[in-house]
Amino acid sequence: MKQYFIIFIIIILLYVESSQAQFFYFGRNKVQYTEFDWQVLKTEHFDIYYYIEMKDLAEKGAYLAEESYKLLEQKFNHNVLGKIPLIFYSTHLHFQQTNITPGFIPEGVGGFFEFLKGRVVIPYNGSIKQFQHVIQHELVHVFMHSKINSVLFDYRKPSDRLPPLWFIEGLAEYWSTEWDEQADMIIRDAVLNDYLVPLDEIEKIYGSYLLYKEGQNILEYIAEKYGDEKILLLMENFWKETSFEKVFKITLGVDYEEFDKEWMYAMKKKYYPLLSVSDPPSKVTTELVSKGFNSKPIFYKSVQEDTSREVFFVGNHSGYTNIYKLNLNDPKSKPKLVIEGERSNDFEAFHPFQSKLSISKDGILAFVTKSGENDALHLYNLKEEKIIETLHFKELVGIGSPAWSPDGSEIVLSAIDKSGYSDLYIWNFNQKILTRITNDLYDDRDPSWFPDGKKIVFSSDRTPAGKPGTYNLFTYYYESHDIEYLTYGTENYYSPECSPDGQFVIFVSDIGGSRNIWMMKTNQTEFSTDSIKKITHFTTAAFDPTWADSNRIIFTAFENYSFPILTIPNVVTIFDSSNVVKENTIVLTDKKWEPMSITGVSETKSLKYVHDYSLDMAQSQISTDPVFGTSGGAFIALSDLLGNEQYYFLIYNTAQDRSELLHSFNFAITRISLSQRTNYAYGIFRFSGRRYDLTDPDYFYFERVFGGYFVLSYPLSKFKRIETVTSISNSEKEVIETVRGRKALFVSNGITFVHDNSLWGPSGPVDGSRLKITFAYTSDIQFSNANYYSFIFDYRYYQRITLRSAYAMRYWLFYNDGKEARRFFMGGSWDLRGYPRWSLRGQKLWLTSHELRFPFVDQISVKFPFVGITLVGFRGALFFDAGNAWDTENRQTLGSFGGGIRFNLGGFLVLRYDFGKRIENNFSTIQKSYFHQFFFGWDF
Amino acid sequence: MKIIIRNIVFVIAVTLTSINCAFYHLDKSISPKSSDWTMYGGGINRANLSEVLLIPPLEPRWAFDTGAGFGTFPCAVSDSILFVTTLKGELHLLNIPTGKAIGKKKFSTPIVGGIALGYGVAYISFVSKDISVGEFDLFEKKFNWTLELSGIESSPLIVRDQLFVTTSDGKLVAIDKKSGIINWTFSDAPKGIIKSSRSSPSSDGKIVVYGNDNGVLYAVDIVNGELVWSYKSGGSITSSPVLYQNIVYFGSLDGYFYAIDISNGALIWKYEIGSPVYSSPAVSDTCVYISGADGVLRCINNQSGDLIWSFKAQSIIHAAPLISDKIIYVGSYDQNFYALDAANGNLVWSYLLPGRIKSSPLIWNNFLFVFTDDQLITAFTKKGERP
């Protein structure tokens, strides 16, 4: 929200009626739904920020942080001077509201380190083990950043660089977690499917999860082959060269190319033999859905219509995550969209990694989405194809994996409350009562009913077996409320589901090092040693198995860096013949592991948070312009530790000689508050100096203006907001050439509605829509020298055609009217193409643009003898524009058509080249030659 | 006009002075005495045992900003001059009583390993491959000889007519001090993988002992460079060994501290530190003082290997401690410089400095020098007394 707010203020103050504002004034909202009562826990090395409801969790996190600090201090042979600010959130949904970073935080982000102020921000997700991993991962970043700076400082080298991302993230993983089955799955799949990216080309997977795991794997390999001390030496030698590849060569004695050869060969030697004992999932199963990312399948067979057989699942096939269904009776059928997600407040986000789907015997689909502040449980009638009920549970923040009871009267679900604890709850539809059936710090997930309705099987880390944080399966007895072990492994067991006939439980486990599907019999009171058997032998991994009937399962697998949905028939036969058996030995000691808390081991101090401001940016500059002369000034930005309150100070002087010094001072002070849902900003300003009116190049004047303003922004949802602005300013204008002047005391009021749910491709939006409507009125309340009103209508719609192509439409109507109403301007690559930039001016303006956007060239590689260059992601466009700008009478319509190429440079700048023909003379003639325009900027 | 000309002359003079990298003047060449501290550890056995008893409380007498960080063993003393090398590649000469700079010499490459002093000369090791080590005439301000080896990140050792250095490609090189000719080179590095020797060599006059990143401690005959024995630890050895009363003491990144029989390389005892040992020990007649990365300084009976006492700093102790009779001085990354009672480890005095202490301290004639990573040298003297 912050970024839009700042930009909005700048626009309001300086360019309120500039048509160029189109490129900034949309955007989604980071809504501050929750009011947090922030506290500070002070430990030996950390200032831990938390809110009162999660005190217990914060103390456990503090203990984990101090333990990680001790470990990393030794590994890095380095300490961090000063307290490290550690900000905890009890759930991911709260974490997504943080103002410490202005950007949106995706579902998969487990925490981040903000290096400007050294802040570490971490949410809890229910698992203490994962919490520990993320804390340590982020602290590796803190230590590495400090260590590198210390090394560069010692050698008097500029602290202007860091190691490449593969090393930064690889090290954070390598020194925060062990090489687990998930990491192995990623690398195994990459090796076996031949997409392991060599170090020499690793920028191709910049920012991806694959890069994290390749980085971790490379460091593991270096430690094993070259020696563990080389990891630290890579940092201690960092001063020796500006290129990390050269540091790598100095430290290891081999360059990237040489290293790649041996490392990739070693990976092949390690993983190729797997093919003799296991198979890629697609080779031994039937593929139901192969396109895109898919998860959490659920089978449905209507009781009324015995012939229908469908699979519902969460999928991302277009950039938005949706719920789809697939008709199993028609092998050629494609997935059909059922619930459209991520475009509205009700279905703001699915949790495809956490939350399963469930369908009742009556055909009611239960699913969870983020909906406003918290998660909501939605019930969708499959027959009527509509949402019949949405349940918001006030005390539950995050919800996962709802499961219908066999009789359809109850739903069991896992959920996280504001304290951060993940427990099981049952919602009774008849009594409208939510009952908490577990209540502790252990992570309870993936509940599923037995067909008799008397037991619930679930996965939980409440186990003494293995390392702390290991997940086993448990049975909850509905009547007695007892919880009993179902498995006693030292490995992890997830996603259990009982077969419709109640004979078997199917689940996934990482027994043996890779996540595969296993099955066990249930009709025994004492589990025999042959009761857990391996069903699949995949080279990669399987997830979320679900029964399609009593003898067939459907599940998701990981293969070739995608998640297809697959099915296996005759699982009972496979179970009977499986000779891979896991002993389910009963552990006699039944103690739970207990995570330590900082209060038990260290003296701590907890205080209420008070705003702790520090500098974000301080910049001074002197500039010289042949027309406007010399000006000098400074800009300072401050914000508090949580990023909620911000101050901006701007001061500069435009005096041309000493006599102008005093009245040529310019300043602006702005305060922005983002701590509540309603964001506001206010400030005062004084600007004085020579100006050009951009709307009229002959208009050259001197203006002194001072005043104040107040801005409110209320987000209705992530996608919609209302903004208002009120300003009062005294303006004194002298037109230099004609020596005439104008005084005015302006009062301006404006209100704006903004909607944006667009989905962006490499050069601009490709799906969704954007709308902005503004009404504003400005009047001179003292001299009546000026008063005018403004109306701005800007609507853009993006119709997806294929995954990578779209048809985009834009409609503008900008209207200013009144005394001294300002002019809009138009023309050029950003709006009416084919016409000189800003060549059309007027107090009124209309425009319509239509554009077909499509992929043009995916990759161009040029290999010079000394270096190779690879450019990726060239996009193509075919366009048609029409519009005009005028003051009093709209005399003509102008237009253009043609094609263009766009190229995204580094993710932040799009270069654009357009060519075509103008349609001139009130749409009567077409330009004989072609126009060519080269500029920069995102597609509209 | 006169002012302009004067300014131009001044600018030219300053510029010319800056171009000349040797920016100091010595009235006479130096001649180290037995009481001087001419190389790391105070002698060829590297025991870090000072003959001067300096009893706290101390107070800072002066501080000097060198403008760059320090290696682990950055200094030596002779003729009331403190010679300090920096990671920026400068040699600073400071007048000890006043703390004033005599001057400095800028070299083209950083100095991690430090300096050893001879008569009128300094032996300096560099990280560079082009000039890895050289004999620098302090009076003439020029090298008498230099050698191109792999870079050096350890402290040079002078034993009679020979200079010993360990290199970043894992070799021990014996050099004739006068001529700069290599007498012999020892290495058992396998082909392919580079294993550095960051551990400074030490000697008893008959053998030279040093550690390697491959975890092996080597004892090499001082005359012919042949391997006498070796001992394999479980981790890299960055700690510089101490030879004392026929025992070699060293720590390893495997988290153990070892005592080895100097005659045959047999293990006498080993002590589990429990965290990587980056630092080097100090040894007295009864105790060996060593710290791991856990920030705990331990006093271990040097014959039995039993712990006598321990002291916990608030962060890592990286630099070797210094024994001043009844007092053990040690600095930590926690920015504190501690003085402990050698008998029981009790804290006698401490001083909070503005930076991490990564380098070994040094005592000379009632002055104690501490080096911090905010690039300052702080000279302490006994409180209330002016030496």
# chains A, B, ... in the order shown; residues from 1 in each chain; ligands from 1

$ residues_around --residues "Ile399 of chain A" --least-positions-apart "6" --cutoff "9 Å" --atoms "only C-alpha atoms" --output "PyMOL selection string"
chain A and resi 354-355+368-370+374-377+413-417

$ write_last_selection --atoms "N, CA and C atoms" --output "mmCIF file, in the first residue's frame"
data_model
loop_
_atom_site.group_PDB
_atom_site.id
_atom_site.type_symbol
_atom_site.label_atom_id
_atom_site.label_comp_id
_atom_site.auth_asym_id
_atom_site.auth_seq_id
_atom_site.Cartn_x
_atom_site.Cartn_y
_atom_site.Cartn_z
ATOM 1 N N GLN A 354 -1.267 -26.107 1.321
ATOM 2 C CA GLN A 354 -1.721 -26.515 2.646
ATOM 3 C C GLN A 354 -3.119 -27.112 2.709
ATOM 4 N N SER A 355 -4.014 -26.589 1.926
ATOM 5 C CA SER A 355 -5.412 -26.892 2.190
ATOM 6 C C SER A 355 -6.028 -27.816 1.152
ATOM 7 N N VAL A 368 -11.136 -23.776 1.061
ATOM 8 C CA VAL A 368 -10.714 -22.634 1.872
ATOM 9 C C VAL A 368 -10.021 -21.613 0.984
ATOM 10 N N THR A 369 -10.328 -20.349 1.225
ATOM 11 C CA THR A 369 -9.566 -19.277 0.577
ATOM 12 C C THR A 369 -9.301 -18.186 1.604
ATOM 13 N N LYS A 370 -8.339 -17.372 1.303
ATOM 14 C CA LYS A 370 -8.203 -16.134 2.064
ATOM 15 C C LYS A 370 -9.329 -15.221 1.618
ATOM 16 N N ASN A 374 -9.088 -12.918 7.306
ATOM 17 C CA ASN A 374 -8.732 -14.298 7.629
ATOM 18 C C ASN A 374 -9.127 -15.234 6.493
ATOM 19 N N ASP A 375 -8.880 -16.505 6.730
ATOM 20 C CA ASP A 375 -9.367 -17.514 5.794
ATOM 21 C C ASP A 375 -10.858 -17.761 6.034
ATOM 22 N N ALA A 376 -11.515 -18.178 4.978
ATOM 23 C CA ALA A 376 -12.939 -18.517 5.084
ATOM 24 C C ALA A 376 -13.152 -19.914 4.522
ATOM 25 N N LEU A 377 -14.146 -20.594 5.059
ATOM 26 C CA LEU A 377 -14.519 -21.917 4.566
ATOM 27 C C LEU A 377 -15.741 -21.752 3.668
ATOM 28 N N LEU A 413 -11.367 -29.647 10.500
ATOM 29 C CA LEU A 413 -10.380 -28.836 9.777
ATOM 30 C C LEU A 413 -9.211 -28.511 10.701
ATOM 31 N N SER A 414 -8.099 -28.205 10.095
ATOM 32 C CA SER A 414 -6.973 -27.709 10.880
ATOM 33 C C SER A 414 -6.972 -26.191 10.751
ATOM 34 N N ALA A 415 -6.551 -25.525 11.801
ATOM 35 C CA ALA A 415 -6.593 -24.065 11.753
ATOM 36 C C ALA A 415 -5.566 -23.481 12.703
ATOM 37 N N ILE A 416 -5.165 -22.260 12.396
ATOM 38 C CA ILE A 416 -4.213 -21.533 13.240
ATOM 39 C C ILE A 416 -4.926 -20.317 13.815
ATOM 40 N N ASP A 417 -4.841 -20.180 15.126
ATOM 41 C CA ASP A 417 -5.441 -18.991 15.741
ATOM 42 C C ASP A 417 -4.385 -17.901 15.866
#

$ residues_around --residues "Asp549 of chain A" --least-positions-apart "5" --cutoff "10 Å" --atoms "only C-alpha atoms" --output "PyMOL selection string"
chain A and resi 299-301+499-501+554+569-570

$ closest_residue --among "A:Ile122, A:Leu233, A:Ile205, A:Val140" --to "chain B" --atoms "only C-alpha atoms"
A:Leu233

$ select_by_dssp --residues "segment 526-751 of chain A" --states "strand (DSSP E)" --output "number ranges by chain"
A: 532-534, 541-549, 552-558, 565-568, 581-582, 605-608, 613-625, 629-640, 645-653, 665-673, 679-693, 696-715, 720-735, 740-751

$ interface_residues --of "chain B" --to "chain A" --cutoff "10 Å" --atoms "only C-alpha atoms" --output "JSON, numbers by chain"
{"B": [67, 68, 69, 70, 71, 86, 87, 88, 89, 110, 111, 112, 127, 128, 168, 169, 192, 193, 194, 195, 196, 213, 214, 215, 235, 236, 237, 238, 253, 275, 276, 277, 278, 292, 293, 294, 295, 314, 315, 316, 317, 318, 333, 334, 335, 355, 356, 358, 373, 374, 375]}

$ residues_around --residues "segment 171-179 of chain B" --least-positions-apart "3" --cutoff "8 Å" --atoms "only C-alpha atoms" --output "list in words"
Glu135, Trp145, Asp161, Gln162, Leu163, Phe164, Val165, Thr166, Thr167, Ser168, Ile182, Asn183, Trp184, Thr185, Phe186, Ser187, Asp188, Ala189, Ser196, Ser197 and Gly225 of chain B

$ closest_residue --among "A:Asn193, A:Ser839, A:Ser631, A:Thr724" --to "Asp657 of chain A" --atoms "only C-alpha atoms"
A:Ser631

$ residues_around --residues "Pro361 of chain B" --least-positions-apart "2" --cutoff "9 Å" --atoms "only C-alpha atoms" --output "PyMOL selection string"
chain B and resi 73+75+319-322+329-331+359+363+368-371

$ atom_distance --atom1 "atom CA of Glu497 of chain A" --atom2 "atom CA of Lys361 of chain A"
15.9 Å

$ residues_around --residues "Asn302 of chain B" --least-positions-apart "3" --cutoff "12 Å" --atoms "only C-alpha atoms" --output "MDAnalysis selection string"
chainID B and resid 242:250 257:261 268:271 281:290 298:299 305:308

$ residues_around --residues "Glu140 of chain B" --least-positions-apart "5" --cutoff "12 Å" --atoms "only C-alpha atoms" --output "MDAnalysis selection string"
chainID B and resid 22:30 105 120:122 135

$ write_last_selection --atoms "N, CA and C atoms" --output "PDB file, in the first residue's frame"
ATOM      1  N   ALA B  22      57.023   5.247   0.268  1.00  0.00           N
ATOM      2  CA  ALA B  22      57.707   5.149   1.557  1.00  0.00           C
ATOM      3  C   ALA B  22      57.709   6.536   2.177  1.00  0.00           C
ATOM      4  N   PHE B  23      56.868   6.722   3.168  1.00  0.00           N
ATOM      5  CA  PHE B  23      56.669   8.049   3.709  1.00  0.00           C
ATOM      6  C   PHE B  23      57.098   8.054   5.172  1.00  0.00           C
ATOM      7  N   TYR B  24      58.370   7.710   5.403  1.00  0.00           N
ATOM      8  CA  TYR B  24      58.887   7.776   6.770  1.00  0.00           C
ATOM      9  C   TYR B  24      60.389   7.966   6.726  1.00  0.00           C
ATOM     10  N   HIS B  25      60.958   8.282   7.894  1.00  0.00           N
ATOM     11  CA  HIS B  25      62.404   8.455   7.966  1.00  0.00           C
ATOM     12  C   HIS B  25      62.910   7.857   9.275  1.00  0.00           C
ATOM     13  N   LEU B  26      63.917   7.011   9.183  1.00  0.00           N
ATOM     14  CA  LEU B  26      64.561   6.469  10.382  1.00  0.00           C
ATOM     15  C   LEU B  26      65.959   7.080  10.502  1.00  0.00           C
ATOM     16  N   ASP B  27      66.299   7.500  11.717  1.00  0.00           N
ATOM     17  CA  ASP B  27      67.637   8.063  11.924  1.00  0.00           C
ATOM     18  C   ASP B  27      68.714   6.991  11.800  1.00  0.00           C
ATOM     19  N   LYS B  28      68.373   5.814  12.230  1.00  0.00           N
ATOM     20  CA  LYS B  28      69.347   4.717  12.143  1.00  0.00           C
ATOM     21  C   LYS B  28      68.583   3.419  11.910  1.00  0.00           C
ATOM     22  N   SER B  29      69.312   2.442  11.488  1.00  0.00           N
ATOM     23  CA  SER B  29      68.671   1.164  11.262  1.00  0.00           C
ATOM     24  C   SER B  29      68.370   0.502  12.615  1.00  0.00           C
ATOM     25  N   ILE B  30      67.426  -0.437  12.610  1.00  0.00           N
ATOM     26  CA  ILE B  30      67.048  -1.049  13.892  1.00  0.00           C
ATOM     27  C   ILE B  30      67.939  -2.251  14.204  1.00  0.00           C
ATOM     28  N   LYS B 105      54.914   2.708   5.026  1.00  0.00           N
ATOM     29  CA  LYS B 105      55.297   2.255   3.693  1.00  0.00           C
ATOM     30  C   LYS B 105      54.099   1.525   3.088  1.00  0.00           C
ATOM     31  N   GLY B 120      67.995  -4.502  11.005  1.00  0.00           N
ATOM     32  CA  GLY B 120      67.817  -3.509   9.953  1.00  0.00           C
ATOM     33  C   GLY B 120      66.815  -3.879   8.890  1.00  0.00           C
ATOM     34  N   VAL B 121      66.236  -5.057   9.029  1.00  0.00           N
ATOM     35  CA  VAL B 121      65.313  -5.506   7.975  1.00  0.00           C
ATOM     36  C   VAL B 121      64.019  -6.056   8.579  1.00  0.00           C
ATOM     37  N   ALA B 122      63.034  -6.088   7.724  1.00  0.00           N
ATOM     38  CA  ALA B 122      61.759  -6.720   8.095  1.00  0.00           C
ATOM     39  C   ALA B 122      61.435  -7.763   7.041  1.00  0.00           C
ATOM     40  N   GLU B 135      62.598  -9.508   1.875  1.00  0.00           N
ATOM     41  CA  GLU B 135      63.360  -8.869   2.946  1.00  0.00           C
ATOM     42  C   GLU B 135      63.385  -7.379   2.642  1.00  0.00           C
TER      43      GLU B 135
END

$ residues_around --residues "segment 770-787 of chain A" --least-positions-apart "2" --cutoff "9 Å" --atoms "only C-alpha atoms" --output "PyMOL selection string"
chain A and resi 25-27+725+730+742-758+768+789-798+817-821

$ closest_residue --among "A:Leu391, A:Leu434, A:Gly292, A:Thr463" --to "Ile565 of chain A" --atoms "only C-alpha atoms"
A:Gly292
